[in-house]
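What follows is entry-v4.cif (mmCIF, C-alpha atoms and all ligand atoms).
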```cif
data_protein
#
loop_
_atom_site.group_PDB
_atom_site.id
_atom_site.type_symbol
_atom_site.label_atom_id
_atom_site.label_comp_id
_atom_site.auth_asym_id
_atom_site.auth_seq_id
_atom_site.Cartn_x
_atom_site.Cartn_y
_atom_site.Cartn_z
ATOM 1 C CA MET W 1 1.317 63.763 173.938
ATOM 2 C CA LYS W 2 3.361 62.187 171.208
ATOM 3 C CA ALA W 3 2.293 59.722 168.515
ATOM 4 C CA LEU W 4 4.260 58.011 165.788
ATOM 5 C CA VAL W 5 2.845 56.742 162.494
ATOM 6 C CA LEU W 6 5.207 54.290 160.809
ATOM 7 C CA TYR W 7 4.624 53.233 157.216
ATOM 8 C CA ARG W 8 6.144 51.588 154.170
ATOM 9 C CA SER W 9 4.850 52.646 150.791
ATOM 10 C CA PHE W 10 5.855 51.847 147.204
ATOM 11 C CA TYR W 11 3.400 53.988 145.220
ATOM 12 C CA GLY W 12 2.330 56.489 147.860
ATOM 13 C CA ASN W 13 -1.055 55.068 148.876
ATOM 14 C CA THR W 14 -0.023 53.765 152.299
ATOM 15 C CA LYS W 15 1.852 57.028 152.851
ATOM 16 C CA GLN W 16 -1.360 58.932 152.139
ATOM 17 C CA VAL W 17 -3.145 56.858 154.774
ATOM 18 C CA ALA W 18 -0.282 57.427 157.233
ATOM 19 C CA ASP W 19 -0.369 61.172 156.578
ATOM 20 C CA ALA W 20 -4.145 61.272 157.095
ATOM 21 C CA ILE W 21 -3.738 59.431 160.414
ATOM 22 C CA ALA W 22 -0.963 61.797 161.530
ATOM 23 C CA GLU W 23 -3.060 64.841 160.581
ATOM 24 C CA ARG W 24 -6.028 63.480 162.505
ATOM 25 C CA LEU W 25 -3.807 62.794 165.516
ATOM 26 C CA LYS W 26 -2.669 66.416 165.412
ATOM 27 C CA GLU W 27 -6.306 67.551 165.364
ATOM 28 C CA LEU W 28 -6.815 65.372 168.435
ATOM 29 C CA GLY W 29 -4.001 67.186 170.242
ATOM 30 C CA TYR W 30 -1.052 64.891 169.597
ATOM 31 C CA GLU W 31 2.366 65.818 168.384
ATOM 32 C CA ALA W 32 2.381 63.362 165.492
ATOM 33 C CA GLU W 33 4.709 62.411 162.691
ATOM 34 C CA ALA W 34 4.379 59.963 159.782
ATOM 35 C CA ARG W 35 7.679 58.209 159.262
ATOM 36 C CA ASP W 36 8.929 55.788 156.609
ATOM 37 C CA VAL W 37 10.149 52.564 158.272
ATOM 38 C CA ARG W 38 13.320 52.769 156.155
ATOM 39 C CA GLN W 39 14.347 55.882 158.067
ATOM 40 C CA ARG W 40 16.092 55.711 161.389
ATOM 41 C CA LEU W 41 13.639 55.519 164.237
ATOM 42 C CA ALA W 42 13.170 58.991 165.658
ATOM 43 C CA ASP W 43 13.587 59.796 169.329
ATOM 44 C CA LEU W 44 10.796 57.721 170.818
ATOM 45 C CA ARG W 45 10.836 59.236 174.266
ATOM 46 C CA ASP W 46 7.327 60.154 175.407
ATOM 47 C CA VAL W 47 5.678 58.380 172.450
ATOM 48 C CA GLU W 48 2.326 57.168 173.789
ATOM 49 C CA ILE W 49 0.727 55.787 170.649
ATOM 50 C CA VAL W 50 2.172 53.990 167.610
ATOM 51 C CA PHE W 51 0.593 53.167 164.244
ATOM 52 C CA ASN W 52 2.343 50.791 161.846
ATOM 53 C CA GLY W 53 1.107 50.276 158.297
ATOM 54 C CA ALA W 54 2.212 48.622 155.066
ATOM 55 C CA PRO W 55 0.909 47.556 151.669
ATOM 56 C CA THR W 56 -0.144 43.944 151.069
ATOM 57 C CA ARG W 57 2.008 42.617 148.234
ATOM 58 C CA MET W 58 1.981 38.993 147.056
ATOM 59 C CA ALA W 59 -0.119 38.331 150.169
ATOM 60 C CA ARG W 60 2.808 39.365 152.329
ATOM 61 C CA VAL W 61 4.317 42.253 154.231
ATOM 62 C CA ASN W 62 7.730 43.844 153.763
ATOM 63 C CA ARG W 63 10.566 43.018 156.148
ATOM 64 C CA LYS W 64 11.149 46.560 157.406
ATOM 65 C CA SER W 65 7.616 46.827 158.752
ATOM 66 C CA LEU W 66 8.085 43.571 160.651
ATOM 67 C CA GLY W 67 11.547 44.647 161.796
ATOM 68 C CA VAL W 68 10.271 47.837 163.319
ATOM 69 C CA LEU W 69 7.999 45.794 165.582
ATOM 70 C CA ARG W 70 11.023 43.883 166.849
ATOM 71 C CA LYS W 71 12.789 47.195 167.457
ATOM 72 C CA LEU W 72 9.831 48.504 169.438
ATOM 73 C CA LYS W 73 9.920 45.355 171.533
ATOM 74 C CA ALA W 74 13.699 45.663 172.051
ATOM 75 C CA MET W 75 13.223 49.278 173.111
ATOM 76 C CA GLY W 76 10.691 48.247 175.736
ATOM 77 C CA PHE W 77 7.521 49.531 174.074
ATOM 78 C CA THR W 78 5.463 46.641 175.347
ATOM 79 C CA GLN W 79 2.759 48.730 177.006
ATOM 80 C CA THR W 80 2.379 51.342 174.294
ATOM 81 C CA PRO W 81 -0.858 50.888 172.315
ATOM 82 C CA ILE W 82 -0.082 49.956 168.707
ATOM 83 C CA ALA W 83 -2.553 50.128 165.826
ATOM 84 C CA ILE W 84 -1.974 48.249 162.596
ATOM 85 C CA PHE W 85 -3.122 49.264 159.126
ATOM 86 C CA ASP W 86 -2.541 48.170 155.563
ATOM 87 C CA THR W 87 -3.506 48.873 152.014
ATOM 88 C CA CYS W 88 -4.691 46.121 149.711
ATOM 89 C CA ALA W 89 -6.499 45.519 146.440
ATOM 90 C CA VAL W 90 -10.266 45.993 146.360
ATOM 91 C CA ILE W 91 -11.845 43.202 148.417
ATOM 92 C CA PRO W 92 -14.558 41.487 146.344
ATOM 93 C CA THR W 93 -18.029 41.728 147.850
ATOM 94 C CA ASP W 94 -19.268 38.774 145.800
ATOM 95 C CA PRO W 95 -18.687 35.675 148.031
ATOM 96 C CA GLU W 96 -17.512 33.495 145.132
ATOM 97 C CA LYS W 97 -15.006 36.093 143.920
ATOM 98 C CA PHE W 98 -13.879 36.647 147.483
ATOM 99 C CA GLU W 99 -13.115 32.945 147.909
ATOM 100 C CA GLU W 100 -11.084 32.973 144.693
ATOM 101 C CA ALA W 101 -9.086 35.975 145.883
ATOM 102 C CA ARG W 102 -8.962 35.062 149.580
ATOM 103 C CA LYS W 103 -5.334 33.941 149.753
ATOM 104 C CA TRP W 104 -4.188 37.316 148.369
ATOM 105 C CA ILE W 105 -6.295 39.319 150.769
ATOM 106 C CA VAL W 106 -6.458 37.455 154.078
ATOM 107 C CA PRO W 107 -4.663 37.906 156.429
ATOM 108 C CA GLY W 108 -2.871 40.538 154.323
ATOM 109 C CA ALA W 109 -0.133 42.804 155.574
ATOM 110 C CA ALA W 110 -2.367 43.981 158.416
ATOM 111 C CA GLY W 111 -3.074 40.456 159.636
ATOM 112 C CA ILE W 112 0.575 39.437 159.408
ATOM 113 C CA LEU W 113 1.767 42.548 161.245
ATOM 114 C CA HIS W 114 -0.924 42.118 163.862
ATOM 115 C CA LYS W 115 0.067 38.512 164.569
ATOM 116 C CA ALA W 116 3.764 39.422 164.675
ATOM 117 C CA ALA W 117 3.087 42.227 167.153
ATOM 118 C CA ALA W 118 0.935 39.992 169.336
ATOM 119 C CA ASP W 119 3.543 37.207 169.240
ATOM 120 C CA LEU W 120 6.168 39.723 170.386
ATOM 121 C CA GLY W 121 3.986 40.621 173.344
ATOM 122 C CA LEU W 122 3.282 44.146 172.150
ATOM 123 C CA ASN W 123 0.098 45.919 173.179
ATOM 124 C CA VAL W 124 -1.539 45.683 169.773
ATOM 125 C CA CYS W 125 -5.098 46.810 169.126
ATOM 126 C CA GLY W 126 -7.456 44.028 168.016
ATOM 127 C CA GLU W 127 -9.035 46.105 165.262
ATOM 128 C CA ARG W 128 -7.059 46.688 162.071
ATOM 129 C CA LEU W 129 -7.540 49.328 159.442
ATOM 130 C CA ARG W 130 -7.571 48.131 155.841
ATOM 131 C CA CYS W 131 -7.709 50.669 153.039
ATOM 132 C CA GLU W 132 -8.348 49.393 149.537
ATOM 133 C CA VAL W 133 -6.707 50.684 146.385
ATOM 134 C CA ASN W 134 -7.982 50.498 142.816
ATOM 135 C CA GLY W 135 -5.912 48.280 140.554
ATOM 136 C CA MET W 136 -2.463 47.208 141.659
ATOM 137 C CA LYS W 137 -0.985 50.661 142.245
ATOM 138 C CA GLY W 138 -3.899 52.761 143.433
ATOM 139 C CA PRO W 139 -5.290 55.311 143.807
ATOM 140 C CA LEU W 140 -7.064 54.680 147.086
ATOM 141 C CA VAL W 141 -10.776 53.960 146.779
ATOM 142 C CA GLU W 142 -13.135 56.780 147.592
ATOM 143 C CA GLY W 143 -13.673 57.184 151.321
ATOM 144 C CA ALA W 144 -10.434 55.436 152.313
ATOM 145 C CA LEU W 145 -8.916 58.463 154.038
ATOM 146 C CA GLU W 146 -12.165 59.169 155.867
ATOM 147 C CA LYS W 147 -12.122 55.530 157.035
ATOM 148 C CA ALA W 148 -8.569 56.141 158.314
ATOM 149 C CA ARG W 149 -9.704 59.207 160.276
ATOM 150 C CA VAL W 150 -12.653 57.332 161.802
ATOM 151 C CA PHE W 151 -10.335 54.444 162.754
ATOM 152 C CA THR W 152 -7.909 56.904 164.362
ATOM 153 C CA ASP W 153 -10.692 58.493 166.401
ATOM 154 C CA ALA W 154 -11.875 55.105 167.652
ATOM 155 C CA PHE W 155 -8.365 53.956 168.523
ATOM 156 C CA ILE W 156 -7.617 57.133 170.437
ATOM 157 C CA ALA W 157 -10.970 57.034 172.217
ATOM 158 C CA GLY W 158 -10.053 53.567 173.481
ATOM 159 C CA ASN W 159 -6.478 54.385 174.469
ATOM 160 C CA ARG W 160 -6.171 58.029 175.410
ATOM 161 C CA LYS W 161 -4.460 58.658 178.735
ATOM 162 C CA THR W 162 -6.543 61.041 180.788
HETATM 163 C C1 LIG Z 201 3.747 43.362 142.977
HETATM 164 C C2 LIG Z 201 2.419 43.636 143.645
HETATM 165 C C3 LIG Z 201 1.800 42.630 144.335
HETATM 166 C C4 LIG Z 201 0.577 42.866 144.972
HETATM 167 N N1 LIG Z 201 -0.016 41.864 145.658
HETATM 168 C C5 LIG Z 201 -1.181 42.090 146.301
HETATM 169 C C6 LIG Z 201 -1.793 41.067 147.097
HETATM 170 O O1 LIG Z 201 -1.319 39.955 147.200
HETATM 171 N N2 LIG Z 201 -2.946 41.363 147.744
HETATM 172 C C7 LIG Z 201 -3.530 42.602 147.665
HETATM 173 O O2 LIG Z 201 -4.573 42.804 148.270
HETATM 174 N N3 LIG Z 201 -2.961 43.590 146.922
HETATM 175 C C8 LIG Z 201 -1.812 43.374 146.258
HETATM 176 N N4 LIG Z 201 -1.220 44.375 145.543
HETATM 177 C C9 LIG Z 201 -1.794 45.718 145.565
HETATM 178 C C10 LIG Z 201 -1.092 46.489 146.665
HETATM 179 O O3 LIG Z 201 -1.777 46.232 147.866
HETATM 180 C C11 LIG Z 201 -1.036 47.987 146.361
HETATM 181 O O4 LIG Z 201 -0.054 48.199 145.367
HETATM 182 C C12 LIG Z 201 -0.645 48.756 147.583
HETATM 183 O O5 LIG Z 201 -1.658 48.746 148.509
HETATM 184 C C13 LIG Z 201 -0.294 50.158 147.245
HETATM 185 O O6 LIG Z 201 0.273 50.739 148.385
HETATM 186 P P1 LIG Z 201 1.521 51.713 148.226
HETATM 187 O O7 LIG Z 201 1.127 52.764 147.212
HETATM 188 O O8 LIG Z 201 1.697 52.316 149.567
HETATM 189 O O9 LIG Z 201 2.695 50.937 147.765
HETATM 190 C C14 LIG Z 201 -0.022 44.155 144.887
HETATM 191 C C15 LIG Z 201 0.623 45.167 144.165
HETATM 192 C C16 LIG Z 201 1.821 44.918 143.547
HETATM 193 C C17 LIG Z 201 2.486 46.028 142.787
#
```

Rewritten as structure tokens:
Amino acid sequence: MKALVLYRSFYGNTKQVADAIAERLKELGYEAEARDVRQRLADLRDVEIVFNGAPTRMARVNRKSLGVLRKLKAMGFTQTPIAIFDTCAVIPTDPEKFEEARKWIVPGAAGILHKAAADLGLNVCGERLRCEVNGMKGPLVEGALEKARVFTDAFIAGNRKT
């Protein structure tokens, strides 16, 4: 069983999440690799599961992370379950502060990637993983990597081929 974890990362936080997902996938019995979207796409034969994650910057997502979705579509990966994740600034819990910050947080890179994948007709998972970072450059908030492992478990539980 093969899984691919694609990511884009500027300061290393999204890479840390991608690595944690890949490690968890290995523990679950997958041959898994975390791969920067700027690299050439590896041999995708037998890949059963794909994760694609990116940082939210200026409320947007980078072009490479969107482009890789188009490549997956072009390569016929329309049935393969895809999970989307992002990193973002700390999401305010105070409703007033959240409203002030909303446009920078929602939909975020995860929401944009999710919509793009759905619009392409890819088999994208409804749930998205969002990991917050402290400040603009990180580090990840406490518990973020555990959240990534729990998300991975749930995604696999819902999509594992028996
Ligand atoms: C130029 C810049 C713009 C950013 N804009 C946003 C934003 O609009 N919304 C948000 O939640 N976080 C924003 N952030 C925080 C990023 O989400 C954070 O840097 C990123 O998650 C770190 O991931 P990375 O280490 O993988 O690059 C911004 C950070 C930078 C440096």

Neighbouring residues of Pro55 of chain W were defined as those with any atom within 7 Å, considering only C-alpha atoms; residues of the same chain fewer than 6 positions away were excluded. Please report them as a PyMOL selection string. chain W and resi 9+14+61+86-88+109

Mind writing the picked residues with C-alpha atoms as a PDB file, in the coordinates of the input?
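Writing done, so here's part.pdb:
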```pdb
ATOM      1  CA  SER W   9       4.850  52.646 150.791  1.00  0.00           C
ATOM      2  CA  THR W  14      -0.023  53.765 152.299  1.00  0.00           C
ATOM      3  CA  VAL W  61       4.317  42.253 154.231  1.00  0.00           C
ATOM      4  CA  ASP W  86      -2.541  48.170 155.563  1.00  0.00           C
ATOM      5  CA  THR W  87      -3.506  48.873 152.014  1.00  0.00           C
ATOM      6  CA  CYS W  88      -4.691  46.121 149.711  1.00  0.00           C
ATOM      7  CA  ALA W 109      -0.133  42.804 155.574  1.00  0.00           C
TER       8      ALA W 109
END
```

Given the file shown, determine the residues that the PyMOL selection byres (((chain W and resi 149-159) around 9) and not hetatm) selects; report them as number ranges by chain. W: 17, 20-25, 28, 49, 81, 83, 125, 127-129, 144-148, 160-161

Can you work out the spacing between atom C3 of ligand LIG 201 (chain Z) and atom CA of Val68 of chain W in Å, to one decimal?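 Taking atom C3 of ligand LIG 201 (chain Z) as the start and atom CA of Val68 of chain W as the end point, the length is 21.4 Å.
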
Who sits within 12 Å of Ile105 of chain W, only C-alpha atoms, same chain under 4 positions skipped, as an NGL selection string: :W and (55-61 or 86-92 or 97-101 or 109-112 or 130-132)

Ground truth for the PyMOL selection byres (((chain W and resi 64) around 12) and not hetatm), written as a PyMOL selection string: chain W and resi 6-9+36-41+52-55+61-63+65-71+113

When you draw a straight line from atom CA of Thr78 of chain W to atom CA of Gly121 of chain W, how long is it in Å? 6.5 Å

So, with all atoms listed in the file as the atoms that count, which of W:Arg102, W:Lys26, W:Lys73, W:Lys115 lies closest to ligand LIG 201 (chain Z)?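 For ligand LIG 201 (chain Z), the nearest of the given residues is W:Arg102.
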